[in-house]
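Undergrad: This structure is in structure tokens; I'll ask about it shortly.
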Amino acid sequence: MPANKKLLFLPGDGIGPEVMTQVRRVIDWMDNKRQVSFDITEGLIGGAAIDATGSSLPDETLADAKSADAVLMGAVGGPKWEKLPFEQQPERGLLGIRKELGLFANLRPAIVFDALADASSLKLDLVKGLDIMIVRELTGGIYFGEPRGIEVLPDGRRKGINTLTYTSDEVERIGRVGFDLAEKRGGKLCSIDKANVLETTVMWREVMESIKGDYPGVELSHMYVDNAAMQLVRNPKQFDVVVTTNMFGDILSDCAAMLTGSLGMLPSASLGEADASGRRAALYEPVHGSAPDIAGQGIANPLATILSFSMLLRYSFDMADDADMIDKAAENVLAGGLRTADIMEEGKARVSTETMGEAIISELEKLAG
Ligand code: NAD
């Protein structure tokens, strides 16, 4: 097993440090039991960084992120910093690190654990066994396109402008991430666009078609975004990997997230371009925020962050066996009836963040035999 993988840990604010502590335990366990050693640096981001340095993304954090093999983040933000000007808010640190690392591909799995299938807003048979991967383009599209702004017309009315632009190379690189993932999963890629109305996405569709020949094992399909939103709640299991633009992905990934029932369970990855050796900048983080309403109480669900670490092993280090073991440990702990407050159901045992972390370690022990 290769050693000394360089990780940057950014616990951040609110429940961030609490859930990251549980990942540390998993890493310590791996260090002892799996002979995998990680070289971990801890850095500041968000409100914690503002308090210590005046900046939500200190230069040192950025330099450490650039030299790390992968970054794992907790969450940023909270009421303490809400009154700061927009540009100085903790969340700017997160946007800044994504931009500086060129993280153009956002991977958001929507997986329904059998034990939690009842928590979904959809009927059990529609979501039981659900496992979708949504790939969202993260650095282009209408969120960044120029021209943009609000202008005042000669007659005094105001006009808001945003522009949807993609270049063919931007579409190709996100498309290839989708195809690569589909190749490793169920072999189905659904590209979502609005090619009946938006020229940019006519080109998007053409680019997807032009590269599909490189992936003979993947079946490519196309769907308009309005239909995709409907299909996600009508029959979500028809999807394997979904690839789409920044704005469509923003909306659809939140919709898919609700199918799984809890914010405390959702991991994510954001990947940059691969260099010649295949190494990519990568940031892993739970989908949830800093949850200031429960911070410091020891009740946050650490599973989204532990599952983000499992994604880190899978996508940054090709350690699928270890990632599978962590995912299985989470599944078994839930099947055994342990629940943090956010996923509590009648008849189950309510546990703290720390107890959930301990339970994951005991499961890992059992699985490792
Ligand atoms: P949130 O995700 O922090 O919390 C929403 C609700 O879900 C809260 O009731 C919270 O207690 C609960 N929750 C979230 N994660 C949980 C977990 N792991 N275990 C148990 N319960 C959990 O969203 P919000 O309240 O809208 O935002 C709070 C702060 O976090 C804001 O400052 C916001 O800007 C920031 N935020 C940061 C990120 C990020 O760091 N990526 C993402 C979203 C929001």
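Residue numbering restarts at 1 for every chain of the structure tokens, chains are lettered A, B, ... in their displayed order, and ligands are numbered from 1 as they appear.
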Neighbours of ligand 1 within 7 Å, counting only C-alpha atoms and all ligand atoms, as a list in words?

TA: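 So the residues close to ligand 1 are Gly74, Ala75, Val76, Gly77, Gly78, Pro79, Glu91, Leu263, Gly264, Glu285, Pro286, Val287, His288, Gly289, Ser290, Ala291, Pro292, Asp293, Ile294, Ile299, Ala300, Asn301, Pro302, Ala304, Ala341 and Asp342 of chain A.
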
Undergrad: Could you give me, as CSV, a per-residue list for segment 125-166 of chain A showing, wherever an atom lies at most 12 Å from an atom of segment 199-209 of chain A, the closest pair of atoms and their distance in Å to one decimal, using only C-alpha atoms and sorting by chain then residue number from low to high?

TA:
```
residue,atom,partner,partner_atom,distance
A:Glu137,CA,A:Trp204,CA,11.6
A:Gly140,CA,A:Thr200,CA,11.9
A:Gly141,CA,A:Thr200,CA,9.1
A:Ile142,CA,A:Thr200,CA,10.4
A:Gly145,CA,A:Thr200,CA,11.7
A:Thr163,CA,A:Thr200,CA,10.2
A:Leu164,CA,A:Thr200,CA,7.0
A:Thr165,CA,A:Thr200,CA,6.3
A:Tyr166,CA,A:Thr200,CA,6.5
```

Undergrad: Write out, as a PDB file, in the first residue's frame, the residues just selected, with N, CA and C atoms.

TA:
```pdb
ATOM      1  N   GLU A 137     -21.215  20.733 -13.630  1.00  0.00           N
ATOM      2  CA  GLU A 137     -20.120  21.613 -14.035  1.00  0.00           C
ATOM      3  C   GLU A 137     -20.093  22.769 -13.034  1.00  0.00           C
ATOM      4  N   GLY A 140     -18.227  27.185 -14.793  1.00  0.00           N
ATOM      5  CA  GLY A 140     -18.638  27.913 -15.990  1.00  0.00           C
ATOM      6  C   GLY A 140     -20.139  28.149 -15.994  1.00  0.00           C
ATOM      7  N   GLY A 141     -20.669  28.376 -17.188  1.00  0.00           N
ATOM      8  CA  GLY A 141     -22.113  28.529 -17.329  1.00  0.00           C
ATOM      9  C   GLY A 141     -22.614  29.885 -16.864  1.00  0.00           C
ATOM     10  N   ILE A 142     -23.893  29.934 -16.587  1.00  0.00           N
ATOM     11  CA  ILE A 142     -24.554  31.220 -16.325  1.00  0.00           C
ATOM     12  C   ILE A 142     -24.106  31.876 -15.021  1.00  0.00           C
ATOM     13  N   GLY A 145     -20.867  33.623 -16.572  1.00  0.00           N
ATOM     14  CA  GLY A 145     -20.842  34.203 -17.921  1.00  0.00           C
ATOM     15  C   GLY A 145     -20.923  35.724 -17.927  1.00  0.00           C
ATOM     16  N   THR A 163     -25.477  35.639 -18.451  1.00  0.00           N
ATOM     17  CA  THR A 163     -25.213  35.055 -19.760  1.00  0.00           C
ATOM     18  C   THR A 163     -24.787  33.600 -19.612  1.00  0.00           C
ATOM     19  N   LEU A 164     -25.441  32.730 -20.374  1.00  0.00           N
ATOM     20  CA  LEU A 164     -25.058  31.315 -20.345  1.00  0.00           C
ATOM     21  C   LEU A 164     -24.032  31.055 -21.444  1.00  0.00           C
ATOM     22  N   THR A 165     -22.787  30.827 -21.047  1.00  0.00           N
ATOM     23  CA  THR A 165     -21.774  30.508 -22.065  1.00  0.00           C
ATOM     24  C   THR A 165     -21.030  29.246 -21.643  1.00  0.00           C
ATOM     25  N   TYR A 166     -20.713  28.438 -22.619  1.00  0.00           N
ATOM     26  CA  TYR A 166     -19.771  27.324 -22.442  1.00  0.00           C
ATOM     27  C   TYR A 166     -18.939  27.237 -23.707  1.00  0.00           C
TER      28      TYR A 166
END
```

Undergrad: Do you have the atom CA of Glu172 of chain A-atom CA of Asp214 of chain A distance handy?

TA: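 Atom CA of Glu172 of chain A sits 11.8 Å away from atom CA of Asp214 of chain A.
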
Undergrad: Which residue is closest to Ala105 of chain A? Choose from A:Ala256, A:Leu181, A:Ala323, A:Val19 and count only C-alpha atoms.

TA: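 Closest residue, counting only C-alpha atoms: A:Leu181.
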
Undergrad: Tell me, in Å to one decimal, how far atom CA of Ala349 of chain A is from atom CA of Leu116 of chain A.

TA: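 Distance between the two atoms: 13.6 Å.
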
Undergrad: Find, counting only C-alpha atoms, the residue in A:Cys190, A:Ile132, A:Met311, A:Met20 that gets nearest to Leu271 of chain A.

TA: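 Among A:Cys190, A:Ile132, A:Met311, A:Met20, it is A:Met311 that comes nearest to Leu271 of chain A.
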
Undergrad: Taking 2 positions as the minimum chain separation for residues in the same chain, which residues sit within 8 Å of Ile111 of chain A when counting only C-alpha atoms? Answer as a VMD selection string.

TA: chain A and resid 109 113 129 to 132 260

Undergrad: For N, CA and C atoms, I'd like the residues from the last selection saved as a compact mmCIF listing (two decimals), in the first residue's frame.

TA:
```txt
# COMPACT_ATOMS: atom_id res chain seq x y z
N PRO A 109 -23.18 12.25 -5.04
CA PRO A 109 -23.95 11.01 -5.06
C PRO A 109 -25.24 11.17 -4.27
N PHE A 113 -29.59 4.63 1.81
CA PHE A 113 -29.29 3.44 2.61
C PHE A 113 -30.61 2.76 2.95
N GLY A 129 -32.64 1.28 -2.51
CA GLY A 129 -31.53 0.88 -3.37
C GLY A 129 -31.05 1.97 -4.32
N LEU A 130 -31.61 3.19 -4.19
CA LEU A 130 -31.23 4.28 -5.11
C LEU A 130 -29.73 4.60 -4.99
N ASP A 131 -29.09 4.79 -6.13
CA ASP A 131 -27.66 5.13 -6.16
C ASP A 131 -27.39 5.90 -7.45
N ILE A 132 -27.49 7.23 -7.35
CA ILE A 132 -27.29 8.10 -8.52
C ILE A 132 -26.04 8.94 -8.28
N THR A 260 -32.90 11.26 -0.58
CA THR A 260 -32.17 10.42 0.38
C THR A 260 -32.62 10.69 1.81
```

Undergrad: Select, from A:Leu138, A:Leu101, A:Val36, A:Val333, the residue with the minimum atom-to-atom distance to Lys66 of chain A, counting only C-alpha atoms.

TA: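 Closest to Lys66 of chain A, using only C-alpha atoms: A:Leu101.
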
Undergrad: May I ask which of the residues A:Arg136, A:Arg158, A:Arg339, A:Lys99 is the closest one to Val171 of chain A, counting only C-alpha atoms?

TA: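 Checking each of A:Arg136, A:Arg158, A:Arg339, A:Lys99 against Val171 of chain A, counting only C-alpha atoms, the winner is A:Arg136.
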
Undergrad: Determine the nearest neighbour of Ala359 of chain A from the options A:Gly187, A:Gly213, A:Gly337, A:Gly347, counting only C-alpha atoms.

TA: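 Checking each of A:Gly187, A:Gly213, A:Gly337, A:Gly347 against Ala359 of chain A, counting only C-alpha atoms, the winner is A:Gly337.
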